[in-house]
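J.: Shown below is the structure under consideration.
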Amino acid sequence: MKKPFLVCALLFSMILPATAGELHPFGRGEMQRILEARQGRPFALLLWSIDCPYCKVLMDRLVALARENPKLDLVAVSTDGIEEPQAILAVLEAHGLGRRATWAFAGDSPERLRYEIDRRWSGELPRTYLFDAGHRFVAFSGPLPETAVQAWLAQRSK
Amino acid sequence: MNRAAKTELGTSALFAADGTLLAASKQGEHVVLFKSSDLGRHWSSPIRVNAVPEAISADGENRPKLALAADGALLVAWTHPLAEPYSGAVRLARSTDGGASFSPPLTVHRDRQEITHRFESLIVGGDGRVYLAWIDKRDLERAKREQAAYRGAAIYVAVSNDGGRSFQPEVKVADHSCECCRIAAALDGDGAPLLLFRHVFEPNERDFALAKLGADGTPRSFARATFERWRVDGCPHHGPSLAVAADGTRHAIWFNVVEGEGKTFHGRLHEGRVEGQRIVAGAQASHADIIVGGRRVVLAWKEFDGERTLIRAEISTDGGQSFAPLTLAETTGASDQPRLLSRGEEVFLFWRSENEGMRLIPVRPRDVR
């Protein structure tokens, strides 16, 4: 009787390799894995850092948006190194992301990790990507224009 | 999961009067000094600058700074982050024995609130005074308490009239600076310090501003220096660099985003306009440095090509009229920003990378390809 449950749990863990409430290393190839795990599904990608006050304003906006839209898949990646996770986790906790799976840059040059995300991004923060189901994206540095958010949300519900 | 201590690579280098190459970086809770008498082939073991351990900023746009005082003393400055988010204290230590030992560090500002005093920049004026400028949020914090609006942060400077032994009360250079881009400092033709820093022009245009300081640190002039009009409520993390030629020409290199894509620009700064502005590199280029050595003008920046981080450069031997491209170094791992040094006409790239360590690479016209 326990077997179906186990299979379910196993499947679930394969679909969601990142366990909720954990900080995962965003190293070489992680962007590809994030994309593959979300094949055919839209998601929002937020790049942020501890030292960026504007990032926290945007984080609050995205967390509010995720509350209004329970299916919204938010991938938050800290560009601070994962080697010192306490400060990252404190910000995540304070801004309502403490219980979500999140990521932090790890184990490689930030230039390479940025390149794997987007060759047109020069490291300015906050940086947000709104991916559609086909993984075409629009990118924003700084705050998210409300019109772009609404257009993305409307497209998702189609 | 790799949870080993992160290596913060931010390092500065300087030629001492006797030609010894000095480098300052961070090891744990110490600023450390290295010496090389053979142009970086061999380095001394690290010498601790601060005897008492304290937190030190040395990643991204942060690094300990080096300068030589008029009396020959070696000055080391750094940011000591405090417990509150974004907070820090600007620290300075002095050595009168060529870096063998240091005075206990002093905090250069009178304002002791646990707020932002970070991203310091150190320069010794033509008059021998020591100038330490930094990004300061006291005005923002006051505005917050009064529930008033305030754009960005501010630039403050403290001046020492005794070679860095003590500092006069700090003065404000400008309101509304950007929050976390390094400040560039260079001496103008008359020996007065120039500061080039990212500013927040109304309503949110993050262009650069140029300020010329008087002997007490107050700005004698302040003007917008660049005109890309990058409007962003965000953190660029891309400070500029500035070098002044013997004839007074102010060469600058800076990063801005135009139509959604980052670009590195070179130009000659005049009051309120840029002469000869051109795009040097694209979105993968960052953290450029510039230096003048006689008729030579050298630009260098980091650029990721998909596999390697390269240091690309341009060299001019005619005072900046024409430039030729060079690739100076590469690494496949993490690395610091490139720093250019000059010794008379000679120009060198100093670059620290995680895999290769500290390197000094001559930048010569004959290497152009």
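In the structure tokens, chains take letters A, B, ... by order of appearance, with residues numbered from 1 within each chain and ligands from 1 in the order shown.
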Pull out every residue of chain A that has at least one atom within 10 Å of chain B, counting only C-alpha atoms, and report them as an MDAnalysis selection string.
T.: chainID A and resid 24:25 27 48:55 58 80:85 87 91 106:116 118:127 139:143
J.: Can you tell me which residues surround Phe137 (chain A) at a distance of at most 12 Å, considering only C-alpha atoms, apart from same-chain residues fewer than 3 positions away, and format the answer as a compact mmCIF listing (two decimals) with C-alpha atoms, in the first residue's frame?
T.:
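Resulting contents of around.txt:
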# COMPACT_ATOMS: atom_id res chain seq x y z
CA LEU A 35 14.62 25.74 -17.82
CA PRO A 42 5.91 29.99 -17.69
CA PHE A 43 7.97 31.32 -14.80
CA ALA A 44 9.56 34.49 -13.44
CA LEU A 45 13.28 34.68 -12.74
CA ILE A 117 21.42 33.36 -18.05
CA ASP A 118 21.57 36.11 -20.66
CA THR A 128 13.87 40.11 -13.86
CA TYR A 129 12.93 37.75 -16.67
CA LEU A 130 9.32 36.89 -17.45
CA PHE A 131 9.35 33.58 -19.35
CA ASP A 132 6.31 32.40 -21.31
CA ALA A 133 5.38 28.73 -21.76
CA GLY A 134 7.69 28.49 -24.79
CA PHE A 140 13.91 44.19 -17.11
CA ALA A 148 4.49 44.01 -18.77
CA VAL A 149 3.43 42.08 -15.66
CA TRP A 152 2.56 38.25 -18.93
J.: Identify all residues of chain A in strand (DSSP E) (DSSP on the backbone) and supply them as a PyMOL selection string.
T.: chain A and resi 23-26+43-48+74-78+102-105+127-131+137-141
J.: Would you kindly return, as a PyMOL selection string, each protein, DNA or RNA residue with an atom no farther than 7 Å from any atom of Leu92 (chain B), considering only C-alpha atoms and excluding same-chain residues fewer than 5 positions away?
T.: chain B and resi 75-78+105-108
J.: What is the distance, in Å and to one decimal place, between CA of Pro81 (chain B) and CA of Ala93 (chain B)?
T.: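 Computed distance, CA of Pro81 (chain B) to CA of Ala93 (chain B), equals 16.3 Å.
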J.: Please run DSSP on the backbone and report, as a ChimeraX atom specification, all residues within region 31-152 of chain A that come out as helix (DSSP H, G or I).
T.: /A:31-37,53-68,85-94,110-117,146-152
J.: Please produce a file of those selected residues containing N, CA and C atoms, as a CSV table (one decimal), in the first residue's frame.
T.:
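Contents of result_26.csv, as written:
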chain,number,residue,atom,x,y,z
A,31,MET,N,21.1,27.1,-14.9
A,31,MET,CA,20.1,27.8,-15.7
A,31,MET,C,19.4,26.8,-16.6
A,32,GLN,N,20.2,26.0,-17.3
A,32,GLN,CA,19.6,25.0,-18.2
A,32,GLN,C,18.7,24.0,-17.5
A,33,ARG,N,19.2,23.6,-16.3
A,33,ARG,CA,18.3,22.7,-15.5
A,33,ARG,C,17.0,23.3,-15.0
A,34,ILE,N,17.1,24.6,-14.7
A,34,ILE,CA,15.9,25.3,-14.3
A,34,ILE,C,14.9,25.4,-15.4
A,35,LEU,N,15.5,25.7,-16.6
A,35,LEU,CA,14.6,25.7,-17.8
A,35,LEU,C,14.0,24.4,-18.1
A,36,GLU,N,14.8,23.3,-18.0
A,36,GLU,CA,14.3,22.0,-18.4
A,36,GLU,C,13.2,21.5,-17.4
A,37,ALA,N,13.4,21.9,-16.1
A,37,ALA,CA,12.4,21.5,-15.1
A,37,ALA,C,11.1,22.2,-15.3
A,53,PRO,N,19.1,47.7,-2.4
A,53,PRO,CA,17.8,48.1,-1.8
A,53,PRO,C,16.7,47.9,-2.8
A,54,TYR,N,16.9,48.2,-4.1
A,54,TYR,CA,15.8,48.2,-5.1
A,54,TYR,C,15.3,46.7,-5.3
A,55,CYS,N,16.3,45.8,-5.0
A,55,CYS,CA,15.9,44.4,-5.2
A,55,CYS,C,14.8,44.0,-4.2
A,56,LYS,N,14.9,44.5,-3.0
A,56,LYS,CA,14.0,44.1,-2.0
A,56,LYS,C,12.6,44.7,-2.2
A,57,VAL,N,12.5,45.9,-2.8
A,57,VAL,CA,11.2,46.4,-3.2
A,57,VAL,C,10.6,45.5,-4.3
A,58,LEU,N,11.4,45.1,-5.2
A,58,LEU,CA,10.9,44.2,-6.3
A,58,LEU,C,10.5,42.9,-5.8
A,59,MET,N,11.3,42.4,-4.8
A,59,MET,CA,11.0,41.1,-4.2
A,59,MET,C,9.6,41.1,-3.6
A,60,ASP,N,9.4,42.2,-2.8
A,60,ASP,CA,8.1,42.3,-2.2
A,60,ASP,C,6.9,42.3,-3.2
A,61,ARG,N,7.2,43.0,-4.3
A,61,ARG,CA,6.1,43.1,-5.4
A,61,ARG,C,5.9,41.7,-6.0
A,62,LEU,N,7.0,40.9,-6.2
A,62,LEU,CA,6.8,39.6,-6.8
A,62,LEU,C,6.2,38.6,-5.8
A,63,VAL,N,6.5,38.8,-4.5
A,63,VAL,CA,5.9,37.9,-3.5
A,63,VAL,C,4.4,38.2,-3.4
A,64,ALA,N,4.0,39.5,-3.5
A,64,ALA,CA,2.6,39.8,-3.4
A,64,ALA,C,1.9,39.3,-4.7
A,65,LEU,N,2.6,39.4,-5.8
A,65,LEU,CA,2.0,38.8,-7.1
A,65,LEU,C,1.8,37.3,-7.0
A,66,ALA,N,2.8,36.6,-6.4
A,66,ALA,CA,2.7,35.2,-6.2
A,66,ALA,C,1.6,34.8,-5.3
A,67,ARG,N,1.3,35.7,-4.3
A,67,ARG,CA,0.2,35.4,-3.4
A,67,ARG,C,-1.2,35.5,-4.1
A,68,GLU,N,-1.3,36.5,-5.0
A,68,GLU,CA,-2.5,36.7,-5.8
A,68,GLU,C,-2.6,35.6,-6.8
A,85,PRO,N,25.6,31.7,3.5
A,85,PRO,CA,24.2,31.7,3.2
A,85,PRO,C,23.3,32.4,4.2
A,86,GLN,N,23.9,32.7,5.4
A,86,GLN,CA,23.0,33.2,6.5
A,86,GLN,C,22.4,34.6,6.1
A,87,ALA,N,23.2,35.4,5.6
A,87,ALA,CA,22.7,36.8,5.2
A,87,ALA,C,21.7,36.7,4.1
A,88,ILE,N,21.9,35.8,3.2
A,88,ILE,CA,20.9,35.6,2.1
A,88,ILE,C,19.6,35.1,2.6
A,89,LEU,N,19.7,34.1,3.5
A,89,LEU,CA,18.5,33.5,4.1
A,89,LEU,C,17.7,34.5,4.9
A,90,ALA,N,18.5,35.4,5.6
A,90,ALA,CA,17.8,36.4,6.5
A,90,ALA,C,17.0,37.3,5.6
A,91,VAL,N,17.5,37.7,4.4
A,91,VAL,CA,16.7,38.6,3.5
A,91,VAL,C,15.5,37.9,3.0
A,92,LEU,N,15.7,36.6,2.6
A,92,LEU,CA,14.6,35.8,2.0
A,92,LEU,C,13.5,35.7,3.0
A,93,GLU,N,13.9,35.4,4.3
A,93,GLU,CA,12.9,35.3,5.3
A,93,GLU,C,12.1,36.6,5.6
A,94,ALA,N,12.9,37.7,5.6
A,94,ALA,CA,12.3,39.0,5.9
A,94,ALA,C,11.3,39.4,4.8
A,110,PRO,N,31.2,34.8,-11.6
A,110,PRO,CA,29.9,35.4,-11.9
A,110,PRO,C,29.6,35.7,-13.3
A,111,GLU,N,30.7,36.1,-14.1
A,111,GLU,CA,30.6,36.4,-15.5
A,111,GLU,C,30.0,35.2,-16.2
A,112,ARG,N,30.5,34.0,-15.9
A,112,ARG,CA,30.0,32.8,-16.6
A,112,ARG,C,28.5,32.6,-16.3
A,113,LEU,N,28.2,32.7,-15.0
A,113,LEU,CA,26.8,32.5,-14.6
A,113,LEU,C,25.9,33.5,-15.3
A,114,ARG,N,26.3,34.7,-15.3
A,114,ARG,CA,25.5,35.7,-16.0
A,114,ARG,C,25.3,35.4,-17.5
A,115,TYR,N,26.4,35.0,-18.1
A,115,TYR,CA,26.4,34.6,-19.5
A,115,TYR,C,25.4,33.5,-19.8
A,116,GLU,N,25.4,32.5,-18.9
A,116,GLU,CA,24.5,31.4,-19.1
A,116,GLU,C,23.0,31.8,-18.9
A,117,ILE,N,22.8,32.9,-18.2
A,117,ILE,CA,21.4,33.4,-18.0
A,117,ILE,C,21.0,34.2,-19.3
A,146,GLU,N,4.3,47.6,-14.7
A,146,GLU,CA,3.1,47.0,-14.4
A,146,GLU,C,2.4,46.4,-15.7
A,147,THR,N,2.5,47.2,-16.8
A,147,THR,CA,1.9,46.7,-18.1
A,147,THR,C,2.5,45.4,-18.5
A,148,ALA,N,3.8,45.2,-18.4
A,148,ALA,CA,4.5,44.0,-18.8
A,148,ALA,C,4.0,42.8,-17.9
A,149,VAL,N,3.9,43.1,-16.6
A,149,VAL,CA,3.4,42.1,-15.7
A,149,VAL,C,2.0,41.6,-16.0
A,150,GLN,N,1.1,42.6,-16.3
A,150,GLN,CA,-0.2,42.2,-16.6
A,150,GLN,C,-0.3,41.5,-17.9
A,151,ALA,N,0.5,41.9,-18.9
A,151,ALA,CA,0.5,41.2,-20.2
A,151,ALA,C,1.0,39.7,-20.0
A,152,TRP,N,2.0,39.6,-19.2
A,152,TRP,CA,2.6,38.2,-18.9
A,152,TRP,C,1.5,37.4,-18.2
J.: Near Ala158 (chain B), counting only C-alpha atoms, which residues have an atom at most 8 Å away, once you skip same-chain residues fewer than 3 positions from it, shown as a list in words?
T.: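 The contact residues come out as Val108, His109, Tyr131, Leu132, Ala133, Phe167, Gln168, Pro169, Glu170, Val171 and Gly217 of chain B.
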J.: Now that the selection is made, can you save its residues with N, CA and C atoms as a short mmCIF file (atom, residue, chain, number, x, y, z; two decimals), in the first residue's frame?
T.:
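Result file is selection16.cif:
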data_model
loop_
_atom_site.label_atom_id
_atom_site.label_comp_id
_atom_site.auth_asym_id
_atom_site.auth_seq_id
_atom_site.Cartn_x
_atom_site.Cartn_y
_atom_site.Cartn_z
N VAL B 108 37.73 57.33 9.72
CA VAL B 108 38.03 58.69 9.29
C VAL B 108 36.87 59.65 9.44
N HIS B 109 35.63 59.12 9.62
CA HIS B 109 34.49 60.04 9.71
C HIS B 109 34.03 60.22 11.15
N TYR B 131 43.03 62.75 0.80
CA TYR B 131 41.58 62.85 0.62
C TYR B 131 40.99 61.45 0.60
N LEU B 132 39.97 61.22 1.45
CA LEU B 132 39.26 59.94 1.45
C LEU B 132 37.78 60.25 1.20
N ALA B 133 37.27 59.79 0.08
CA ALA B 133 35.86 60.04 -0.27
C ALA B 133 35.11 58.72 -0.18
N PHE B 167 42.17 63.22 10.59
CA PHE B 167 41.32 63.78 9.53
C PHE B 167 40.45 64.89 10.07
N GLN B 168 40.26 65.92 9.25
CA GLN B 168 39.32 67.00 9.56
C GLN B 168 37.90 66.44 9.47
N PRO B 169 36.92 67.12 10.12
CA PRO B 169 35.53 66.65 9.98
C PRO B 169 35.15 66.57 8.50
N GLU B 170 34.42 65.49 8.15
CA GLU B 170 34.08 65.28 6.75
C GLU B 170 33.12 66.33 6.22
N VAL B 171 33.18 66.58 4.92
CA VAL B 171 32.26 67.51 4.26
C VAL B 171 31.56 66.81 3.11
N GLY B 217 38.11 69.95 0.95
CA GLY B 217 37.23 68.88 0.49
C GLY B 217 35.94 69.37 -0.15
#
J.: Need to verify the contact set: Trp103 (chain A), 8 Å, only C-alpha atoms, exclusion of same-chain residues closer than 4 positions in sequence. Can you return it as a PyMOL selection string?
T.: chain A and resi 23-26+75-78
J.: Can you list, as JSON, numbers by chain, every protein, DNA or RNA residue that comes within 12 Å of Thr116 (chain B) when you count only C-alpha atoms, leaving out same-chain residues fewer than 5 positions away?
T.: {"A": [51], "B": [79, 80, 81, 82, 83, 84, 85, 86, 87, 88, 89, 90, 109, 111, 134, 135, 136, 137, 138, 139, 140, 141, 152, 153, 154, 155, 156, 179, 180]}
J.: Expressed in Å to a single decimal, how great is the separation between CA of Arg136 (chain A) and CA of Leu153 (chain A)?
T.: 14.1 Å
J.: Hey, which of B:Val347, B:Leu194, B:Val32, B:Leu68 ends up closest to Ala17 (chain B)? Count only C-alpha atoms.
T.: B:Leu68
J.: Quick one: residues within 10 Å of Gly98 (chain B), only C-alpha atoms counted, chain neighbours fewer than 5 positions away excluded, as a list in words?
T.: Ala16, Ala17, Asp18, Thr20, Leu22, Lys35, Leu68, Gly72, Ala73, Leu74 and Leu75 of chain B
J.: Report the distance between CA of Pro64 (chain B) and CA of Trp351 (chain B) in Å, rounded to one decimal place.
T.: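 Distance reported for this atom pair: 14.4 Å.
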